[in-house]
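For reference, the structure is listed below as structure tokens.
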Amino acid sequence: MQKVGILGAGRVGKAIAVLARRAGLEVAMVGSGEPVDEVVAADAVVLAVPLGKFRTLPAGHLAGCVVVDAMNYWWELDGARPDLDDPTTSTSQTVAAFLEGARVVKAFNHLSGYALEELARPAGDPDRIAVAVASDDRRALELVEVLVDALGYDPVVAGGLAEGMRFEPGTELFGADATAAEARDMLERFWNTQRGRVVARARGSR
Ligand SMILES: NC(=O)c1ccc[n+]([C@@H]2O[C@H](COP(=O)([O-])OP(=O)(O)OC[C@H]3O[C@@H](n4cnc5c(N)ncnc54)[C@H](OP(=O)(O)O)[C@@H]3O)[C@@H](O)[C@H]2O)c1
């Protein structure tokens, strides 16, 4: 991991850029309408645009890239979007379906931009907290675990992209300053929450 690309130069994109530079990584970050060639040449590309705009992402350029989905459905900003609030599908699965060929990993979505910058700690620090990660691509997941660790967080694997649902907005882990052990407990407890029960019923899985 040498270079991080970032699509979206807003609050969360800038926070990740600060952490990546602090970790000694190269950063290429662009806002809307800018050329993405340098960004997509990075080892991992963070998506930090409003989720409601995911269809404006350069899908063709992202094919084959390890893509880190830090986006959340935020109805106040994104508007009512039943496609992004479907209990059978995590938002990262919806993004992955659009970004055909991209190796999508969900990460960095459940902490605020402020927390991301302020709460990063070196490995072994007793105050270090967790960032949950999920992907259907094991090698991409491992690469993003390395990135999460380098940026100052303990990666906690939630499972495949469908499990990204367990750290979307409205879940216990979303916005929590949780250690790795606490984050694992929160992910497990998801199935006993109202949203967990809705998801399980919709998926017919539990
Ligand atoms: N803010 C947080 O604390 C936080 C924390 C974790 C996750 N998130 C999630 O991260 C995402 C970004 O949030 P944010 O708060 O950083 O938003 P933001 O401050 O509004 O920034 C979004 C940026 O994305 C740019 N953009 C829009 N479409 C683009 C495209 N196709 N290519 C490149 N750039 C594009 C926007 O540029 P223009 O202004 O030119 O359109 C803007 O600079 C959201 O999904 C949010 O839910 C946010």
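Each chain in the structure tokens gets a letter, A, B and so on, in the order shown; residues start at 1 in every chain, and ligands are counted from 1 in the order they appear.
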| task | Name all residues at most 8 Å from region 10-15 of chain A (count only C-alpha atoms; drop same-chain ones fewer than 5 positions away) and give them as a ChimeraX atom specification. | result | /A:29,31,46-49,112-114,116-117
Take the residues that were just selected and, keeping N, CA, C and O atoms, output them as a PDB file, in the first residue's frame.
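Saved file result12.pdb follows:
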```pdb
ATOM      1  N   MET A  29      -6.477  13.048  -4.763  1.00  0.00           N
ATOM      2  CA  MET A  29      -7.896  13.275  -4.426  1.00  0.00           C
ATOM      3  C   MET A  29      -8.501  14.237  -5.444  1.00  0.00           C
ATOM      4  O   MET A  29      -7.870  15.239  -5.799  1.00  0.00           O
ATOM      5  N   GLY A  31     -12.370  16.213  -6.799  1.00  0.00           N
ATOM      6  CA  GLY A  31     -13.774  16.527  -6.608  1.00  0.00           C
ATOM      7  C   GLY A  31     -14.537  16.208  -7.879  1.00  0.00           C
ATOM      8  O   GLY A  31     -14.008  15.594  -8.812  1.00  0.00           O
ATOM      9  N   VAL A  46     -10.833   5.411  -2.465  1.00  0.00           N
ATOM     10  CA  VAL A  46     -11.912   5.637  -1.500  1.00  0.00           C
ATOM     11  C   VAL A  46     -13.030   6.435  -2.171  1.00  0.00           C
ATOM     12  O   VAL A  46     -12.778   7.473  -2.796  1.00  0.00           O
ATOM     13  N   LEU A  47     -14.258   5.938  -2.022  1.00  0.00           N
ATOM     14  CA  LEU A  47     -15.430   6.658  -2.537  1.00  0.00           C
ATOM     15  C   LEU A  47     -15.985   7.519  -1.417  1.00  0.00           C
ATOM     16  O   LEU A  47     -16.486   6.986  -0.413  1.00  0.00           O
ATOM     17  N   ALA A  48     -15.900   8.829  -1.560  1.00  0.00           N
ATOM     18  CA  ALA A  48     -16.338   9.752  -0.504  1.00  0.00           C
ATOM     19  C   ALA A  48     -17.212  10.839  -1.107  1.00  0.00           C
ATOM     20  O   ALA A  48     -17.016  12.033  -0.880  1.00  0.00           O
ATOM     21  N   VAL A  49     -18.178  10.390  -1.907  1.00  0.00           N
ATOM     22  CA  VAL A  49     -19.133  11.324  -2.516  1.00  0.00           C
ATOM     23  C   VAL A  49     -20.498  11.044  -1.879  1.00  0.00           C
ATOM     24  O   VAL A  49     -20.705   9.980  -1.298  1.00  0.00           O
ATOM     25  N   SER A 112     -17.528   9.606  12.042  1.00  0.00           N
ATOM     26  CA  SER A 112     -17.650  10.929  11.413  1.00  0.00           C
ATOM     27  C   SER A 112     -16.275  11.367  10.907  1.00  0.00           C
ATOM     28  O   SER A 112     -15.237  10.849  11.338  1.00  0.00           O
ATOM     29  N   GLY A 113     -16.273  12.338  10.002  1.00  0.00           N
ATOM     30  CA  GLY A 113     -15.003  12.883   9.518  1.00  0.00           C
ATOM     31  C   GLY A 113     -14.168  13.411  10.675  1.00  0.00           C
ATOM     32  O   GLY A 113     -12.947  13.223  10.728  1.00  0.00           O
ATOM     33  N   TYR A 114     -14.838  14.039  11.637  1.00  0.00           N
ATOM     34  CA  TYR A 114     -14.143  14.579  12.810  1.00  0.00           C
ATOM     35  C   TYR A 114     -13.494  13.435  13.594  1.00  0.00           C
ATOM     36  O   TYR A 114     -12.313  13.475  13.923  1.00  0.00           O
ATOM     37  N   LEU A 116     -12.751  10.445  12.608  1.00  0.00           N
ATOM     38  CA  LEU A 116     -11.686   9.800  11.838  1.00  0.00           C
ATOM     39  C   LEU A 116     -10.352  10.500  12.065  1.00  0.00           C
ATOM     40  O   LEU A 116      -9.332   9.862  12.311  1.00  0.00           O
ATOM     41  N   GLU A 117     -10.377  11.818  12.008  1.00  0.00           N
ATOM     42  CA  GLU A 117      -9.127  12.564  12.170  1.00  0.00           C
ATOM     43  C   GLU A 117      -8.633  12.554  13.609  1.00  0.00           C
ATOM     44  O   GLU A 117      -7.444  12.431  13.866  1.00  0.00           O
TER      45      GLU A 117
END
```
| request: Step by step, measure atom-to-atom distances between ligand 1 and each residue using only C-alpha atoms and all ligand atoms, keep those at most 10 Å, then write them as a count of residues only. | output: 56
Taking a cut-off of 12 Å and counting only C-alpha atoms, can you build a table that, for each residue of region 51-131 of chain A near region 184-192 of chain A, reports the nearest atom pair and how far apart they are in Å (one decimal), sorted by chain then residue number, as CSV?
```
residue,atom,partner,partner_atom,distance
A:Ile129,CA,A:Arg184,CA,11.6
A:Ala130,CA,A:Arg184,CA,9.2
A:Val131,CA,A:Arg184,CA,10.4
```
| message | For the alpha helix (DSSP H) assignment from backbone DSSP, which residues of region 102-197 of chain A qualify? Please present them as a ChimeraX atom specification. | response | /A:113-119,138-151,180-189,194-197
| said: Which residue is closest to Ala178 (chain A)? Choose from A:Asp149, A:Asp136, A:Glu163, A:Asp127 and count only C-alpha atoms. | reply: A:Asp127
| task | Between A:Ala183, A:Val45, A:Ala20, A:Val66, single out the one closest to Ala140 (chain A), counting only C-alpha atoms. | result | A:Val66
| query | Interatomic distance between CA of Glu145 (chain A) and CA of Ala158 (chain A)? | reply |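 Value for the CA of Glu145 (chain A)-CA of Ala158 (chain A) distance: 11.7 Å.
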| task | Considering only C-alpha atoms, state which residue in the set A:Ala176, A:Met1, A:Ala202, A:Val95 is at the smallest distance from Ala23 (chain A). | result | A:Met1
Contact table region 124-165 of chain A vs region 84-90 of chain A, cut-off 7 Å, shortest pair per residue, only C-alpha atoms, as JSON lines:
```
{"residue": "A:Leu161", "atom": "CA", "partner": "A:Ser90", "partner_atom": "CA", "distance": 7.0}
{"residue": "A:Ala162", "atom": "CA", "partner": "A:Ser90", "partner_atom": "CA", "distance": 5.4}
{"residue": "A:Gly164", "atom": "CA", "partner": "A:Ser90", "partner_atom": "CA", "distance": 5.9}
{"residue": "A:Met165", "atom": "CA", "partner": "A:Ser90", "partner_atom": "CA", "distance": 4.9}
```
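One finds CA of Cys65 (chain A) at 24.3 Å from CA of Asp83 (chain A).
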| DSSP-assigned strand (DSSP E or B) among chain A, expressed as a VMD selection string | chain A and resid 3 to 7 26 to 30 44 to 47 66 to 69 103 to 106 130 to 135 154 to 159
Saved selection, atoms kept: C-alpha atoms, as a short mmCIF file (atom, residue, chain, number, x, y, z; two decimals), in the first residue's frame:
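Below you can see part_11.cif, which holds the result:
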```
data_model
loop_
_atom_site.label_atom_id
_atom_site.label_comp_id
_atom_site.auth_asym_id
_atom_site.auth_seq_id
_atom_site.Cartn_x
_atom_site.Cartn_y
_atom_site.Cartn_z
CA LYS A 3 -0.89 5.36 -2.73
CA VAL A 4 -4.51 6.13 -1.86
CA GLY A 5 -6.94 7.63 -4.36
CA ILE A 6 -9.98 9.55 -3.14
CA LEU A 7 -13.07 10.46 -5.14
CA GLU A 26 0.79 9.29 -1.32
CA VAL A 27 -2.66 10.75 -1.91
CA ALA A 28 -4.51 11.66 -5.10
CA MET A 29 -7.90 13.27 -4.43
CA VAL A 30 -10.39 14.84 -6.82
CA ALA A 44 -7.04 1.63 -3.29
CA VAL A 45 -9.66 4.22 -4.22
CA VAL A 46 -11.91 5.64 -1.50
CA LEU A 47 -15.43 6.66 -2.54
CA VAL A 66 -9.85 -1.98 -5.04
CA VAL A 67 -12.60 0.47 -4.11
CA VAL A 68 -13.30 1.51 -0.51
CA ASP A 69 -16.93 2.49 -0.06
CA ARG A 103 -13.37 -4.92 -5.98
CA VAL A 104 -15.56 -3.18 -3.43
CA VAL A 105 -14.80 -3.09 0.30
CA LYS A 106 -16.99 -1.18 2.73
CA ALA A 130 -12.24 -0.11 15.42
CA VAL A 131 -13.27 0.41 11.83
CA ALA A 132 -15.54 -2.31 10.47
CA VAL A 133 -14.80 -3.71 7.00
CA ALA A 134 -16.86 -5.92 4.69
CA SER A 135 -16.23 -7.36 1.24
CA ASP A 154 -8.22 -1.78 14.28
CA PRO A 155 -9.99 -3.44 11.35
CA VAL A 156 -12.94 -5.66 12.33
CA VAL A 157 -14.24 -7.93 9.58
CA ALA A 158 -18.04 -8.05 9.48
CA GLY A 159 -18.21 -10.51 6.56
#
```
| field | Point-to-point distance in Å for CA of Val40 (chain A) and CA of Arg21 (chain A) | value | 17.5 Å
Skipping near chain neighbours, those fewer than 4 positions away, what residues fall within 10 Å of Gly60 (chain A) using only C-alpha atoms, listed as a tab-separated table (two decimals) with N, CA, C and O atoms, in the first residue's frame?
```tsv
chain	number	residue	atom	x	y	z
A	64	GLY	N	-11.72	-3.22	-11.90
A	64	GLY	CA	-10.43	-3.82	-11.52
A	64	GLY	C	-9.78	-3.16	-10.31
A	64	GLY	O	-8.84	-3.71	-9.74
A	99	LEU	N	-20.77	-0.61	-10.04
A	99	LEU	CA	-19.33	-0.54	-10.41
A	99	LEU	C	-18.86	-1.92	-10.85
A	99	LEU	O	-18.04	-2.57	-10.18
A	100	GLU	N	-19.35	-2.35	-12.00
A	100	GLU	CA	-19.04	-3.69	-12.48
A	100	GLU	C	-17.52	-3.90	-12.59
A	100	GLU	O	-16.83	-3.07	-13.21
A	101	GLY	N	-17.02	-4.97	-11.98
A	101	GLY	CA	-15.59	-5.28	-12.07
A	101	GLY	C	-14.75	-4.64	-10.99
A	101	GLY	O	-13.58	-4.97	-10.83
A	102	ALA	N	-15.33	-3.71	-10.22
A	102	ALA	CA	-14.57	-3.10	-9.11
A	102	ALA	C	-14.58	-4.06	-7.93
A	102	ALA	O	-15.52	-4.82	-7.74
```
